[in-house]
Amino acid sequence: MSINARAAAGSAPATVLRVAAVLADPAAGRLDGPAEIRLEHGRIAALTPLGNGLPEDASEVQPLIALPAPANAHDHGRGLRSAAFGAHDEALETWLAGLAREPLVDPWLRAAVAFGRMVEGGAGIANHCHNTQRGDRLLQEAQGVAKAAADVGLRIAFALPFAGRNAVVYGELDRLLQRVPPGDHDALRAMRAGGRSLAENLALMEQAAAFEHAGFQLQYCPVGPQWVDNATLAAIARGSADSGRRVHMHLLETRYQREWADAHYADGLIAHLDAIGLLSPRLTVAHAVWLTPAECELLAERGVIVAANASSNLRLRSGIAPVRAFRASGLRFGIGMDGMSLDDDDDLLREMRLLRQLNRGTAGEPDFDAGALFTAACVDGRRSVLGDDGGGRIAVGAPADLLLLDSRRFSRDCLAPGRDQWLALMLTRMRAEDIAALYIGGRAVAVGGRACGVDLPALEAELTALARAARALAPPDESRIGRLRAGVEDYYRAGCHGP
């Protein structure tokens with residue numbers, strides 16, 4: 001049966017895939033095959049080699065490559081891309097002011113569009129670092145995201161946000177108020193004073209647990225050390241240790257965050273996080289652009305995972321993460337898109353290639369080989385979202401989470417086409433248009449470049465229409481956003497985030 005026919009027959013008890021090559025163990029960086037893969041009850045029931053050559057009926061084996069489904073290790077699930085509502089690329093601290101332009105929309109629709117794009121871009125697993133649109137409706141937003149994950153069919157971790165300090169800028173608000181007109185002061189003070197308490201957030205964690213299902217699990221999300229007070233960080237460390245829940249946190253994304261941390265933690269921020277017990281194999285830290293080699297070594301010793309975000313860090317002028325230091329220290333890392341892929345297209349395959357090319361080094365240095373790249377995308381990225389669930393490999397008993405790539409486009413001009421060339425060509429050329437199908441739990445969630453569980457073009461059109469209508473009813477105050485952006489920029493340039 002063809003892939004399309006099998007996707008339509010969603011009630012079929014089992015799916016049999018015949019492929020020309022299999023990346024069974026990402027760390028090995030080797031393609032085996034051809035093979036027959038049987039998916040049953042959400043697991044890989046059988047993996048049968050078809051010999052060194054093609055079977056007698058060559059038409060039964062398409063030029064497909066099977067690999068474990070990659071993970072988008074850090075994202076925010078904004079169905080409406082930030083550039084679409086006017087938050088264009090600039091340094092993170094001023095870019096954040098532009099997020100006030102995002103119109104309020106239905107949380108299910110917002111997430112369904114984001115998740116649909118992810119599966120069409122190759123991500124079957126994702127960390128959804130939730131940005132609340134309305135603080136008083138977080139529980140309803142979580143419920144909408146849980147439903148969207150089930151409808152689209154991917155596996156997500158919902159990182160429930162905890163914050164409590166330094167809203168608007170890192171440091172004293174009065175120093176910012178000196179840089180904006182008095183008419184804006186009350187609104188900024190309200191932003192600094194607003195937010196949920198630790199007790200309220202912990203209660204929301206308990207309530208949101210009711211929405212958990214096979215494709216939706218909760219994680220603690222202290223949004224970043226500069227935005228979360230020390231008592232909350234310590235409480236999350238204890239809660240994670242007691243419950244086993246994972247923790248997801250932004251860490252040292254920008255130079256200004258590094259400078260703030262150095263000014264406020266005499267013994268170092270990373271040492272403080274270690275002292276309170278937050279550093280553990282349950283922790284994922286996003287970005288980590290400004291880590292030192294010694295800090296990488298400590299995080300590696302504690303089993304922490306990094307979610308590296310190459311495109312986002314370029315677009316928001318944060319820098320290039322020290323992935324070579326991650327690798328030298330043994331610090332595991334996944335690959336995330338952060339809702340800011342290079343071409344705004346949620347192409348995880350291109351994101352993988354970009355991160356690799358940025359971190360290959362020069363001649364004479366260790367190369368960033370296929371094994372390292374696919375381990376990051378398929379194994380450690382998955383672990384950062386789901387923990388150790390037996391996935392990230394193609395083996396009997398493993399979760400039936402598979403990505404099938406069609407080799408024809410990227411090998412069409414190859415003078416010696418075949419499995420021996422495919423892996424090198426993938427590192428150079430693979431992108432979303434090469435995706436033949438994505439299976440999660442044995443279910444086809446994307447086939448032929450289209451999400452199966454939702455009508456993504458229709459949802460995108462609906463989201464855009466609703467967002468335009470919402471903007472017309474409540475247009476953003478562009479003058480105020482501009483004043484805040486200018487004040488924030490001057491605040492950091494003057495070093496107000498320091499001691």
# chains A, B, ... in the order shown; residues from 1 in each chain; ligands from 1
call {"tool": "residues_around", "arguments": {"residues": "A:Ala214", "least_positions_apart": "4", "cutoff": "12 Å", "atoms": "only C-alpha atoms", "output": "list in words"}}
result
Gly42, Ile125, Ala146, Lys147, Ala149, Ala150, Gly153, Leu154, Arg155, Ile156, Ala157, Leu218, Leu386, Asp389, Pro399, Ile440 and Gly441 of chain A
call {"tool": "closest_atom_pairs", "arguments": {"of": "stretch 245-346 of chain A", "to": "stretch 71-92 of chain A", "cutoff": "6 Å", "atoms": "only C-alpha atoms", "output": "CSV"}}
result
residue,atom,partner,partner_atom,distance
A:Ala307,CA,A:Ala73,CA,5.5
A:Arg315,CA,A:Asp89,CA,5.5
A:Leu316,CA,A:Ala91,CA,4.7
A:Arg317,CA,A:Ala91,CA,5.1
A:Gly334,CA,A:Ala73,CA,5.7
A:Ile335,CA,A:Ala73,CA,5.4
A:Gly336,CA,A:Ala73,CA,4.4
A:Met337,CA,A:Asp75,CA,5.9
A:Asp338,CA,A:Asp75,CA,3.9
A:Gly339,CA,A:Asp75,CA,5.4
call {"tool": "write_last_selection", "arguments": {"atoms": "N, CA and C atoms", "output": "short mmCIF file (atom, residue, chain, number, x, y, z; two decimals), in the first residue's frame"}}
result
data_model
loop_
_atom_site.label_atom_id
_atom_site.label_comp_id
_atom_site.auth_asym_id
_atom_site.auth_seq_id
_atom_site.Cartn_x
_atom_site.Cartn_y
_atom_site.Cartn_z
N ALA A 307 19.05 23.43 24.47
CA ALA A 307 18.31 23.56 23.22
C ALA A 307 18.93 24.72 22.45
N ARG A 315 18.86 35.99 14.09
CA ARG A 315 17.86 37.01 13.78
C ARG A 315 17.70 38.03 14.90
N LEU A 316 17.87 37.60 16.14
CA LEU A 316 17.71 38.50 17.28
C LEU A 316 19.05 39.00 17.82
N ARG A 317 20.09 38.83 17.05
CA ARG A 317 21.41 39.40 17.32
C ARG A 317 21.96 38.96 18.68
N GLY A 334 20.02 19.67 21.97
CA GLY A 334 19.05 19.46 20.91
C GLY A 334 19.00 20.71 20.04
N ILE A 335 18.10 20.69 19.06
CA ILE A 335 18.02 21.78 18.09
C ILE A 335 16.59 22.31 18.09
N GLY A 336 16.45 23.62 18.30
CA GLY A 336 15.13 24.23 18.34
C GLY A 336 15.02 25.35 17.32
N MET A 337 13.79 25.70 16.98
CA MET A 337 13.55 26.77 16.01
C MET A 337 13.05 28.05 16.67
N ASP A 338 12.52 27.97 17.89
CA ASP A 338 12.14 29.16 18.65
C ASP A 338 11.10 30.01 17.93
N GLY A 339 10.36 29.42 16.98
CA GLY A 339 9.42 30.21 16.20
C GLY A 339 10.09 31.23 15.31
#
call {"tool": "residues_around", "arguments": {"residues": "A:Val105", "least_positions_apart": "3", "cutoff": "8 Å", "atoms": "only C-alpha atoms", "output": "list in words"}}
result
Leu109, Arg110, Leu463, Leu466, Ala467 and Ala470 of chain A
call {"tool": "write_last_selection", "arguments": {"atoms": "N, CA and C atoms", "output": "PDB file, in the first residue's frame"}}
result
ATOM      1  N   LEU A 109      -6.547  27.660  17.964  1.00  0.00           N
ATOM      2  CA  LEU A 109      -6.183  28.007  16.590  1.00  0.00           C
ATOM      3  C   LEU A 109      -4.727  28.430  16.513  1.00  0.00           C
ATOM      4  N   ARG A 110      -4.305  29.234  17.452  1.00  0.00           N
ATOM      5  CA  ARG A 110      -2.916  29.699  17.496  1.00  0.00           C
ATOM      6  C   ARG A 110      -1.951  28.515  17.534  1.00  0.00           C
ATOM      7  N   LEU A 463      -6.778  32.156  10.856  1.00  0.00           N
ATOM      8  CA  LEU A 463      -5.991  32.854  11.859  1.00  0.00           C
ATOM      9  C   LEU A 463      -5.646  34.267  11.390  1.00  0.00           C
ATOM     10  N   LEU A 466      -8.822  36.464  11.505  1.00  0.00           N
ATOM     11  CA  LEU A 466      -9.200  36.815  12.873  1.00  0.00           C
ATOM     12  C   LEU A 466      -8.209  37.801  13.490  1.00  0.00           C
ATOM     13  N   ALA A 467      -6.927  37.613  13.198  1.00  0.00           N
ATOM     14  CA  ALA A 467      -5.911  38.511  13.747  1.00  0.00           C
ATOM     15  C   ALA A 467      -6.068  39.918  13.168  1.00  0.00           C
ATOM     16  N   ALA A 470      -9.051  41.441  14.899  1.00  0.00           N
ATOM     17  CA  ALA A 470      -8.717  41.814  16.273  1.00  0.00           C
ATOM     18  C   ALA A 470      -7.842  43.062  16.303  1.00  0.00           C
TER      19      ALA A 470
END
call {"tool": "residues_around", "arguments": {"residues": "A:Pro182", "least_positions_apart": "6", "cutoff": "12 Å", "atoms": "only C-alpha atoms", "output": "MDAnalysis selection string"}}
result
chainID A and resid 174 176 188:189 480 483:484
call {"tool": "write_last_selection", "arguments": {"atoms": "C-alpha atoms", "output": "PDB file, in the first residue's frame"}}
result
ATOM      1  CA  ASP A 174      13.204  53.737  37.746  1.00  0.00           C
ATOM      2  CA  LEU A 176      13.938  53.037  32.521  1.00  0.00           C
ATOM      3  CA  LEU A 188       5.169  50.254  32.909  1.00  0.00           C
ATOM      4  CA  ARG A 189       4.703  50.110  36.671  1.00  0.00           C
ATOM      5  CA  ARG A 480       4.016  53.957  22.887  1.00  0.00           C
ATOM      6  CA  ARG A 483       8.949  55.113  22.935  1.00  0.00           C
ATOM      7  CA  LEU A 484       9.433  51.965  25.004  1.00  0.00           C
TER       8      LEU A 484
END
call {"tool": "residues_around", "arguments": {"residues": "A:Ala436", "least_positions_apart": "2", "cutoff": "6 Å", "atoms": "only C-alpha atoms", "output": "PyMOL selection string"}}
result
chain A and resi 404-406+447-448
call {"tool": "residues_around", "arguments": {"residues": "A:Cys296", "least_positions_apart": "6", "cutoff": "7 Å", "atoms": "only C-alpha atoms", "output": "list in words"}}
result
Ala325, Phe326, Ser329 and Leu331 of chain A
call {"tool": "write_last_selection", "arguments": {"atoms": "N, CA and C atoms", "output": "PDB file, in the first residue's frame"}}
result
ATOM      1  N   ALA A 325      32.094  24.056  22.107  1.00  0.00           N
ATOM      2  CA  ALA A 325      32.366  23.885  23.544  1.00  0.00           C
ATOM      3  C   ALA A 325      31.399  22.881  24.155  1.00  0.00           C
ATOM      4  N   PHE A 326      30.144  22.885  23.694  1.00  0.00           N
ATOM      5  CA  PHE A 326      29.206  21.863  24.165  1.00  0.00           C
ATOM      6  C   PHE A 326      29.774  20.477  23.874  1.00  0.00           C
ATOM      7  N   SER A 329      32.924  19.410  25.874  1.00  0.00           N
ATOM      8  CA  SER A 329      32.677  19.111  27.286  1.00  0.00           C
ATOM      9  C   SER A 329      31.748  17.919  27.494  1.00  0.00           C
ATOM     10  N   LEU A 331      28.536  18.161  26.779  1.00  0.00           N
ATOM     11  CA  LEU A 331      27.228  18.727  27.087  1.00  0.00           C
ATOM     12  C   LEU A 331      26.264  18.385  25.954  1.00  0.00           C
TER      13      LEU A 331
END
call {"tool": "select_by_dssp", "arguments": {"residues": "stretch 78-197 of chain A", "states": "helix (DSSP H, G or I)", "output": "VMD selection string"}}
result
chain A and resid 82 to 85 92 to 101 107 to 120 135 to 152 173 to 177 182 to 193
call {"tool": "residues_around", "arguments": {"residues": "A:Asn230", "least_positions_apart": "4", "cutoff": "10 Å", "atoms": "only C-alpha atoms", "output": "ChimeraX atom specification"}}
result
/A:164-165,225-226,234-236,272-273,276
call {"tool": "select_by_dssp", "arguments": {"residues": "stretch 432-489 of chain A", "states": "strand (DSSP E or B)", "output": "ChimeraX atom specification"}}
result
/A:435-440,443-447,450-451
call {"tool": "write_last_selection", "arguments": {"atoms": "C-alpha atoms", "output": "PDB file, in the first residue's frame"}}
result
ATOM      1  CA  ILE A 435       9.644  14.902   3.493  1.00  0.00           C
ATOM      2  CA  ALA A 436       7.553  12.013   2.238  1.00  0.00           C
ATOM      3  CA  ALA A 437       5.843  11.308   5.561  1.00  0.00           C
ATOM      4  CA  LEU A 438       6.083  11.796   9.298  1.00  0.00           C
ATOM      5  CA  TYR A 439       4.746   9.119  11.635  1.00  0.00           C
ATOM      6  CA  ILE A 440       4.173   9.691  15.347  1.00  0.00           C
ATOM      7  CA  ARG A 443       0.093   7.412  12.856  1.00  0.00           C
ATOM      8  CA  ALA A 444       0.855   9.467   9.755  1.00  0.00           C
ATOM      9  CA  VAL A 445       0.702  13.096  10.893  1.00  0.00           C
ATOM     10  CA  ALA A 446       2.132  14.565   7.676  1.00  0.00           C
ATOM     11  CA  VAL A 447       2.224  13.068   4.181  1.00  0.00           C
ATOM     12  CA  ARG A 450       0.799  18.330   4.243  1.00  0.00           C
ATOM     13  CA  ALA A 451      -0.371  17.881   7.808  1.00  0.00           C
TER      14      ALA A 451
END
call {"tool": "closest_residue", "arguments": {"among": "A:Val228, A:Ala432, A:Leu47, A:Ala465", "to": "A:Met118", "atoms": "only C-alpha atoms"}}
result
A:Ala432
call {"tool": "atom_distance", "arguments": {"atom1": "atom CA of A:Gln178", "atom2": "atom CA of A:Thr94"}}
result
16.8 Å
call {"tool": "closest_residue", "arguments": {"among": "A:Arg255, A:Arg419, A:Arg383, A:Arg393", "to": "A:Leu291", "atoms": "only C-alpha atoms"}}
result
A:Arg255
